[in-house]
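Peer 1: So I've got this file, structure-v5.csv, and it contains CSV, C-alpha atoms:
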```
chain,number,residue,atom,x,y,z
A,1,MET,CA,137.2,98.8,95.3
A,2,THR,CA,135.1,101.8,96.0
A,3,HIS,CA,131.4,102.2,95.4
A,4,PRO,CA,130.6,105.1,92.9
A,5,ASP,CA,129.1,107.1,95.8
A,6,GLY,CA,132.3,106.8,97.8
A,7,ILE,CA,131.3,104.2,100.3
A,8,GLU,CA,134.0,101.7,101.1
A,9,PRO,CA,132.1,98.5,100.4
A,10,PRO,CA,131.6,96.5,103.5
A,11,PHE,CA,131.0,92.8,103.5
A,12,THR,CA,127.3,92.4,102.9
A,13,THR,CA,125.0,89.5,103.5
A,14,LYS,CA,121.5,89.8,102.2
A,15,ALA,CA,118.9,87.4,103.2
A,16,SER,CA,115.5,86.5,101.9
A,17,SER,CA,113.0,84.1,103.2
A,18,GLY,CA,109.4,83.1,102.9
A,19,GLU,CA,107.4,83.1,99.7
A,20,HIS,CA,109.0,83.0,96.8
A,21,HIS,CA,110.8,83.8,93.8
A,22,LEU,CA,111.8,80.2,94.3
A,23,ALA,CA,108.6,78.4,93.3
A,24,TYR,CA,109.5,75.3,91.4
A,25,GLY,CA,106.8,72.9,90.6
A,26,GLU,CA,108.2,69.4,91.2
A,27,LYS,CA,111.8,70.3,91.5
A,28,PHE,CA,114.0,71.3,94.4
A,29,PHE,CA,115.3,74.8,94.0
A,30,THR,CA,119.1,74.9,93.9
A,31,GLU,CA,121.3,78.0,93.8
A,32,ASP,CA,121.8,77.9,90.1
A,33,LEU,CA,118.2,77.8,88.9
A,34,LYS,CA,116.5,80.9,87.6
A,35,TYR,CA,113.9,82.8,89.8
A,36,GLN,CA,110.3,82.5,88.8
A,37,PRO,CA,108.5,85.2,90.9
A,38,HIS,CA,104.6,85.4,90.7
A,39,SER,CA,103.6,87.9,93.4
A,40,PRO,CA,104.7,91.5,93.8
A,41,TYR,CA,106.5,90.4,97.0
A,42,SER,CA,108.6,87.8,95.3
A,43,ALA,CA,109.2,90.0,92.2
A,44,ALA,CA,110.6,92.7,94.5
A,45,LYS,CA,112.8,90.2,96.4
A,46,ALA,CA,114.1,88.7,93.2
A,47,ALA,CA,115.0,92.1,91.8
A,48,SER,CA,116.9,93.0,95.0
A,49,ASP,CA,118.9,89.8,94.8
A,50,HIS,CA,119.8,90.6,91.2
A,51,PHE,CA,120.9,94.1,92.4
A,52,VAL,CA,123.2,92.7,95.0
A,53,ARG,CA,124.8,90.4,92.6
A,54,ALA,CA,125.2,93.2,90.1
A,55,PHE,CA,126.9,95.3,92.8
A,56,HIS,CA,129.3,92.4,93.3
A,57,ASP,CA,130.0,92.0,89.6
A,58,THR,CA,130.1,95.7,88.7
A,59,TYR,CA,131.7,97.4,91.7
A,60,GLY,CA,133.4,94.5,93.4
A,61,MET,CA,131.3,94.8,96.5
A,62,PRO,CA,131.9,91.7,98.7
A,63,THR,CA,128.4,90.3,98.9
A,64,VAL,CA,126.7,87.0,99.7
A,65,VAL,CA,123.1,86.3,99.0
A,66,THR,CA,121.0,83.8,101.0
A,67,ASN,CA,117.6,82.4,100.3
A,68,CYS,CA,115.6,80.7,103.0
A,69,SER,CA,112.5,78.7,103.3
A,70,ASN,CA,109.5,79.6,105.5
A,71,ASN,CA,110.6,80.4,109.1
A,72,TYR,CA,108.7,79.8,112.3
A,73,GLY,CA,109.3,80.3,115.9
A,74,PRO,CA,109.0,82.9,118.7
A,75,TYR,CA,108.3,86.6,117.9
A,76,GLN,CA,106.7,86.1,114.5
A,77,PHE,CA,104.1,88.7,113.6
A,78,PRO,CA,100.7,87.1,113.9
A,79,GLU,CA,99.7,87.8,110.3
A,80,LYS,CA,101.7,84.7,109.4
A,81,LEU,CA,100.2,81.3,109.5
A,82,ILE,CA,101.7,79.7,112.5
A,83,PRO,CA,101.4,82.4,115.2
A,84,LEU,CA,98.0,83.5,113.7
A,85,PHE,CA,96.6,80.1,114.0
A,86,ILE,CA,98.0,79.3,117.4
A,87,ASN,CA,96.3,82.5,118.7
A,88,ASN,CA,93.1,81.7,116.9
A,89,ILE,CA,92.9,78.1,118.2
A,90,ARG,CA,93.5,79.4,121.7
A,91,HIS,CA,90.6,81.8,121.4
A,92,ARG,CA,88.5,79.4,119.3
A,93,LYS,CA,88.4,81.7,116.3
A,94,PRO,CA,88.1,80.4,112.7
A,95,LEU,CA,91.2,79.3,110.9
A,96,PRO,CA,91.1,80.6,107.3
A,97,VAL,CA,92.8,78.1,104.9
A,98,TYR,CA,93.7,79.1,101.4
A,99,GLY,CA,92.2,76.9,98.7
A,100,LYS,CA,92.2,73.3,100.0
A,101,GLY,CA,95.3,73.7,102.0
A,102,GLU,CA,97.2,71.6,99.6
A,103,ASN,CA,100.0,74.1,99.1
A,104,VAL,CA,103.3,72.7,100.2
A,105,ARG,CA,105.9,74.7,102.1
A,106,ASP,CA,109.3,74.0,103.6
A,107,TRP,CA,109.7,75.1,107.2
A,108,LEU,CA,112.7,76.0,109.2
A,109,TYR,CA,113.0,77.0,112.9
A,110,VAL,CA,114.1,80.6,113.0
A,111,GLU,CA,117.1,80.0,115.3
A,112,ASP,CA,118.5,77.6,112.7
A,113,HIS,CA,118.2,80.3,110.1
A,114,ALA,CA,120.1,82.7,112.4
A,115,ARG,CA,122.8,80.2,112.9
A,116,ALA,CA,123.1,79.8,109.1
A,117,ILE,CA,123.4,83.5,108.6
A,118,ASP,CA,126.1,83.7,111.2
A,119,LEU,CA,128.0,80.9,109.4
A,120,ILE,CA,127.6,82.4,105.9
A,121,PHE,CA,128.5,85.9,107.1
A,122,HIS,CA,131.8,84.6,108.5
A,123,LYS,CA,132.6,81.7,106.2
A,124,GLY,CA,130.6,82.1,103.0
A,125,LYS,CA,132.3,82.6,99.7
A,126,VAL,CA,132.1,86.2,98.4
A,127,GLY,CA,129.9,86.5,95.3
A,128,ASP,CA,128.1,83.2,96.1
A,129,THR,CA,124.5,82.4,96.9
A,130,TYR,CA,123.4,80.0,99.6
A,131,ASN,CA,120.1,78.3,100.1
A,132,ILE,CA,118.9,77.7,103.7
A,133,GLY,CA,116.2,75.1,104.2
A,134,GLY,CA,115.1,72.3,106.4
A,135,PHE,CA,114.2,69.5,103.9
A,136,ASN,CA,111.0,69.7,105.8
A,137,GLU,CA,108.0,70.0,103.5
A,138,TRP,CA,104.5,70.1,104.8
A,139,LYS,CA,101.1,70.7,103.2
A,140,ASN,CA,99.5,73.7,104.9
A,141,ILE,CA,96.5,71.6,106.0
A,142,ASP,CA,98.7,69.1,107.7
A,143,ILE,CA,100.6,71.8,109.6
A,144,ILE,CA,97.3,73.2,110.7
A,145,LYS,CA,96.2,69.8,112.1
A,146,VAL,CA,99.5,69.5,114.0
A,147,LEU,CA,98.9,73.0,115.4
A,148,ILE,CA,95.3,72.2,116.5
A,149,ASN,CA,96.4,68.9,118.2
A,150,THR,CA,99.4,70.6,119.9
A,151,VAL,CA,97.5,73.6,121.2
A,152,ASP,CA,94.5,71.5,122.3
A,153,ARG,CA,96.9,69.1,124.2
A,154,MET,CA,98.8,72.0,125.9
A,155,LEU,CA,95.6,73.7,127.0
A,156,GLY,CA,94.1,70.5,128.3
A,157,ARG,CA,91.4,70.2,125.7
A,158,PRO,CA,90.7,66.9,124.0
A,159,GLU,CA,93.2,66.6,121.1
A,160,GLY,CA,91.6,67.6,117.8
A,161,ALA,CA,88.6,69.2,119.5
A,162,ASP,CA,89.1,72.4,117.5
A,163,MET,CA,89.3,70.8,114.0
A,164,ASP,CA,85.9,72.4,113.3
A,165,LEU,CA,87.6,75.9,113.3
A,166,ILE,CA,89.1,75.1,109.9
A,167,THR,CA,87.4,77.4,107.3
A,168,TYR,CA,88.3,77.1,103.6
A,169,VAL,CA,88.6,80.4,101.8
A,170,THR,CA,89.4,81.3,98.1
A,171,ASP,CA,93.0,80.8,97.3
A,172,ARG,CA,95.4,83.7,97.0
A,173,ALA,CA,96.0,84.9,93.5
A,174,GLY,CA,99.5,84.0,92.2
A,175,HIS,CA,99.8,81.5,95.1
A,176,ASP,CA,102.6,79.1,94.4
A,177,MET,CA,101.6,75.4,94.8
A,178,ARG,CA,104.9,74.3,96.1
A,179,TYR,CA,108.4,75.4,96.7
A,180,ALA,CA,111.2,73.3,98.0
A,181,ILE,CA,114.6,74.6,98.7
A,182,ASP,CA,117.7,72.5,98.4
A,183,SER,CA,120.3,73.5,101.0
A,184,THR,CA,122.8,70.8,100.2
A,185,LYS,CA,125.5,73.4,99.3
A,186,LEU,CA,125.3,75.0,102.7
A,187,GLN,CA,125.4,71.6,104.4
A,188,ARG,CA,128.3,70.3,102.3
A,189,GLU,CA,130.5,73.5,102.1
A,190,LEU,CA,130.0,75.0,105.5
A,191,GLY,CA,128.7,72.1,107.6
A,192,TRP,CA,125.4,73.6,108.6
A,193,GLU,CA,122.4,71.5,109.5
A,194,PRO,CA,119.1,72.2,111.2
A,195,SER,CA,119.4,71.6,115.0
A,196,LEU,CA,115.7,70.8,115.5
A,197,GLN,CA,113.3,68.3,114.2
A,198,PHE,CA,110.0,69.9,113.1
A,199,GLU,CA,108.0,68.2,115.8
A,200,GLU,CA,110.4,69.6,118.5
A,201,GLY,CA,110.3,73.1,116.9
A,202,ILE,CA,106.5,73.2,116.8
A,203,GLU,CA,106.3,72.1,120.4
A,204,LYS,CA,108.7,74.9,121.5
A,205,THR,CA,106.9,77.4,119.3
A,206,VAL,CA,103.4,76.6,120.5
A,207,ARG,CA,104.6,76.6,124.1
A,208,TRP,CA,106.3,80.0,123.6
A,209,TYR,CA,103.1,81.6,122.2
A,210,LEU,CA,101.0,80.1,124.9
A,211,ASP,CA,103.4,81.3,127.6
A,212,ASN,CA,103.8,84.8,126.1
A,213,GLN,CA,100.2,85.9,125.8
A,214,ASP,CA,101.3,89.4,126.9
A,215,TRP,CA,103.5,89.7,123.8
A,216,MET,CA,100.7,88.6,121.6
A,217,ASP,CA,98.1,90.9,123.2
A,218,ASN,CA,100.6,93.8,122.9
A,219,VAL,CA,101.0,93.1,119.2
A,220,THR,CA,97.3,92.5,118.4
A,221,SER,CA,96.2,95.6,120.3
A,222,GLY,CA,98.8,97.8,118.6
A,223,ASP,CA,100.3,98.9,121.9
A,224,TYR,CA,103.8,97.6,120.9
A,225,MET,CA,104.0,100.7,118.6
A,226,LYS,CA,104.3,102.9,121.7
A,227,TYR,CA,107.2,100.9,123.0
A,228,TYR,CA,109.8,102.9,121.0
A,229,GLU,CA,108.4,106.1,122.4
A,230,ASP,CA,108.5,104.8,125.9
A,231,MET,CA,112.0,103.4,125.6
A,232,TYR,CA,113.8,105.7,123.4
A,233,ALA,CA,112.0,109.0,123.0
A,234,ASN,CA,113.9,110.8,125.8
A,235,ARG,CA,117.3,109.2,125.4
B,1,MET,CA,135.1,92.3,111.7
B,2,ARG,CA,134.0,94.5,114.5
B,3,ASN,CA,131.2,97.0,113.7
B,4,ILE,CA,128.2,95.4,112.1
B,5,ILE,CA,124.9,96.7,111.0
B,6,ILE,CA,121.9,94.4,111.0
B,7,THR,CA,118.9,95.9,109.2
B,8,GLY,CA,115.4,94.9,110.2
B,9,GLY,CA,116.7,93.7,113.5
B,10,ALA,CA,113.4,94.5,115.3
B,11,GLY,CA,111.5,92.1,113.1
B,12,PHE,CA,111.0,88.4,113.5
B,13,ILE,CA,114.0,86.9,111.8
B,14,GLY,CA,116.1,90.0,112.5
B,15,SER,CA,115.6,89.9,116.2
B,16,HIS,CA,116.9,86.3,116.3
B,17,VAL,CA,120.0,87.2,114.3
B,18,VAL,CA,120.6,90.3,116.5
B,19,ARG,CA,120.3,88.2,119.7
B,20,LEU,CA,122.6,85.5,118.4
B,21,PHE,CA,125.3,88.1,117.4
B,22,ILE,CA,125.1,90.1,120.6
B,23,ASN,CA,125.4,87.0,122.8
B,24,LYS,CA,127.9,85.1,120.7
B,25,TYR,CA,130.2,88.0,119.8
B,26,PRO,CA,130.7,90.3,122.8
B,27,GLU,CA,133.7,91.8,121.0
B,28,TYR,CA,131.6,93.1,118.1
B,29,ASN,CA,129.5,96.2,118.0
B,30,ILE,CA,126.0,95.3,116.7
B,31,ILE,CA,124.0,98.2,115.3
B,32,ASN,CA,120.3,97.4,114.7
B,33,ILE,CA,118.8,99.7,112.1
B,34,ASP,CA,115.0,99.4,111.9
B,35,LYS,CA,112.3,101.7,110.6
B,36,LEU,CA,109.8,100.2,113.1
B,37,THR,CA,107.0,99.6,110.6
B,38,TYR,CA,104.1,97.5,111.9
B,39,ALA,CA,106.2,94.4,111.9
B,40,GLY,CA,109.1,95.9,113.9
B,41,ASN,CA,108.8,95.4,117.6
B,42,LEU,CA,111.6,96.3,120.0
B,43,ALA,CA,109.9,94.1,122.7
B,44,ASN,CA,111.4,91.2,120.6
B,45,LEU,CA,114.8,92.3,122.0
B,46,LYS,CA,114.0,93.2,125.6
B,47,ASP,CA,116.3,90.5,126.9
B,48,VAL,CA,119.4,92.0,125.1
B,49,GLU,CA,118.7,95.7,124.8
B,50,GLY,CA,120.9,96.7,127.7
B,51,LYS,CA,124.0,94.8,126.4
B,52,PRO,CA,127.1,97.1,125.9
B,53,ASN,CA,127.8,95.8,122.4
B,54,TYR,CA,124.3,96.7,121.1
B,55,LYS,CA,122.9,99.9,119.7
B,56,PHE,CA,119.5,100.6,118.2
B,57,VAL,CA,119.0,103.3,115.5
B,58,LYS,CA,115.6,104.1,114.2
B,59,MET,CA,116.1,104.7,110.5
B,60,ASP,CA,114.6,104.0,107.1
B,61,ILE,CA,117.0,101.9,105.0
B,62,CYS,CA,115.8,104.0,102.0
B,63,ASP,CA,117.4,107.1,103.7
B,64,PHE,CA,120.6,106.7,101.7
B,65,GLU,CA,122.3,109.8,103.2
B,66,GLY,CA,121.5,108.7,106.7
B,67,ILE,CA,122.8,105.2,106.2
B,68,HIS,CA,125.9,106.5,104.4
B,69,ARG,CA,126.7,108.8,107.4
B,70,LEU,CA,126.1,106.1,109.9
B,71,MET,CA,128.4,103.7,108.1
B,72,GLN,CA,131.2,106.3,108.1
B,73,ASP,CA,130.6,107.4,111.7
B,74,GLU,CA,130.5,103.9,113.1
B,75,HIS,CA,133.3,102.5,110.9
B,76,ILE,CA,131.0,99.8,109.7
B,77,ASP,CA,132.7,96.8,108.1
B,78,GLY,CA,129.9,94.5,107.7
B,79,VAL,CA,126.1,94.6,106.9
B,80,ILE,CA,123.6,91.9,107.3
B,81,HIS,CA,120.5,93.1,105.4
B,82,LEU,CA,117.3,91.6,106.6
B,83,ALA,CA,114.9,94.5,106.4
B,84,ALA,CA,112.0,94.0,104.0
B,85,GLU,CA,108.3,94.1,103.6
B,86,SER,CA,107.5,90.4,103.9
B,87,HIS,CA,103.8,89.6,103.7
B,88,VAL,CA,102.6,88.4,100.3
B,89,ASP,CA,98.9,89.4,100.9
B,90,ARG,CA,100.0,93.0,101.7
B,91,SER,CA,102.1,93.0,98.5
B,92,ILE,CA,99.0,92.2,96.4
B,93,LYS,CA,97.2,95.2,97.9
B,94,ASP,CA,100.2,97.6,97.9
B,95,PRO,CA,102.8,96.4,95.4
B,96,PHE,CA,104.8,99.6,95.2
B,97,THR,CA,105.7,99.8,98.8
B,98,PHE,CA,107.3,96.5,98.2
B,99,ALA,CA,109.2,97.8,95.2
B,100,GLN,CA,110.4,100.8,97.2
B,101,THR,CA,111.5,99.0,100.4
B,102,ASN,CA,112.7,95.7,99.0
B,103,VAL,CA,114.4,96.9,95.8
B,104,MET,CA,115.2,100.7,96.0
B,105,VAL,CA,117.2,100.3,99.1
B,106,HIS,CA,119.9,98.7,96.9
B,107,ARG,CA,120.4,101.7,94.8
```
What would the structure in this file look like if it were written as structure tokens?
Peer 2:
Amino acid sequence: MTHPDGIEPPFTTKASSGEHHLAYGEKFFTEDLKYQPHSPYSAAKAASDHFVRAFHDTYGMPTVVTNCSNNYGPYQFPEKLIPLFINNIRHRKPLPVYGKGENVRDWLYVEDHARAIDLIFHKGKVGDTYNIGGFNEWKNIDIIKVLINTVDRMLGRPEGADMDLITYVTDRAGHDMRYAIDSTKLQRELGWEPSLQFEEGIEKTVRWYLDNQDWMDNVTSGDYMKYYEDMYANR
Amino acid sequence: MRNIIITGGAGFIGSHVVRLFINKYPEYNIINIDKLTYAGNLANLKDVEGKPNYKFVKMDICDFEGIHRLMQDEHIDGVIHLAAESHVDRSIKDPFTFAQTNVMVHR
């Protein structure tokens, strides 16, 4: 079939991750539950998923939609909790925690997300939606304590020495208390499963940020913005 | 499938997907399209940027004509769409950038 603008529809996989049109109180979010977006971010992501499905249903575009839980790992921009806090702990800067830190999130190592996208791109059923998650739920405050202990240990500080950096701040408006994603379909139909336990993933991640302070400094100083100019401007 | 676009490939998740595809599928051509907003960082791909099956194109995914042309020129037969504004706190301060980048791209 042909798109109304004349494009031959390619096979398209569209992925979402993070916060979350998937907020679901006490239940696990499965592929057939309706979205419940609360922030402008999640409303926009939900709308885009609906557009993709509409293009499949209306124009026959071969699409697959994926939804993933929170990702962590190397190269994450340090506005997000895990890299931000690793860097702050290293420099003994305050760790701002929303509300009481009781919000629960499911975490997945980013390379496991990439493996899932590879699998779904090649083997996923056209028109379907797949959840990608780790069955790995943590309260924010508990993750933060793990981060403090891990960074302290790796830097040779007494474990837990930096607990006093935790600073509670007013919760984010529209902040979802919990979301939990059920990736049983992906595991059952395509045989995917996470390759790393969370403890291993956090060890690798903290080690990477501590070993790649240049990358972090480059990002926090804004110098990385010049990289494109340096690399590509004269090509 | 041979010629694949990955949008948002200079971002966090995108860079991991680009790396996996470049290394795992040397027979594919991987084209990374990224606008390089604050969250896009080509240093995330330093280890693979010289690979023969990889090309970077700086482009806004909302540039419909540009994307259309690129898809025809490169005979694209697959798209993995990862580009998005992703930070919830930023969406509270600036909701319409999110509507534009995360929704309008699908027009």
Peer 1: If I take atom CA of Glu85 of chain B and atom CA of Cys62 of chain B, how far is one from the other in Å, to one decimal?
Peer 2: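 Separation between atom CA of Glu85 of chain B and atom CA of Cys62 of chain B: 12.5 Å.
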Peer 1: Considering only C-alpha atoms, can you say which of B:Ser91, B:Asn23, B:Asn29, B:Asn53 comes closest to chain A?
Peer 2: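 Closest to chain A, using only C-alpha atoms: B:Ser91.
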Peer 1: Can you tell me how far atom CA of Lys125 of chain A sits from atom CA of Ala43 of chain A, in Å to one decimal?
Peer 2: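 Going from atom CA of Lys125 of chain A over to atom CA of Ala43 of chain A, I get 25.4 Å.
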Peer 1: Taking all atoms listed in the file into account, which residues of chain B are within 6 Å of chain A, as a list in words?
Peer 2: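 Taking all atoms listed in the file into account, Phe12, Val17, Asp77, Gly78, Val79, Ile80, His81, Leu82, Val88, Ser91, Pro95, Ala99, Asn102 and Val103 of chain B sit within 6 Å of chain A.
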Peer 1: Nearest residue to Phe56 of chain B out of B:Ile76, B:Ile31, B:Leu20, B:Ile6, using all atoms listed in the file?
Peer 2: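 When distances to Phe56 of chain B are compared using all atoms listed in the file, the smallest one comes from B:Ile31.
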Peer 1: Could you tell me how far atom CA of Pro37 of chain A sits from atom CA of Asp171 of chain A, in Å to one decimal place?
Peer 2: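 Interatomic distance here is 17.3 Å.
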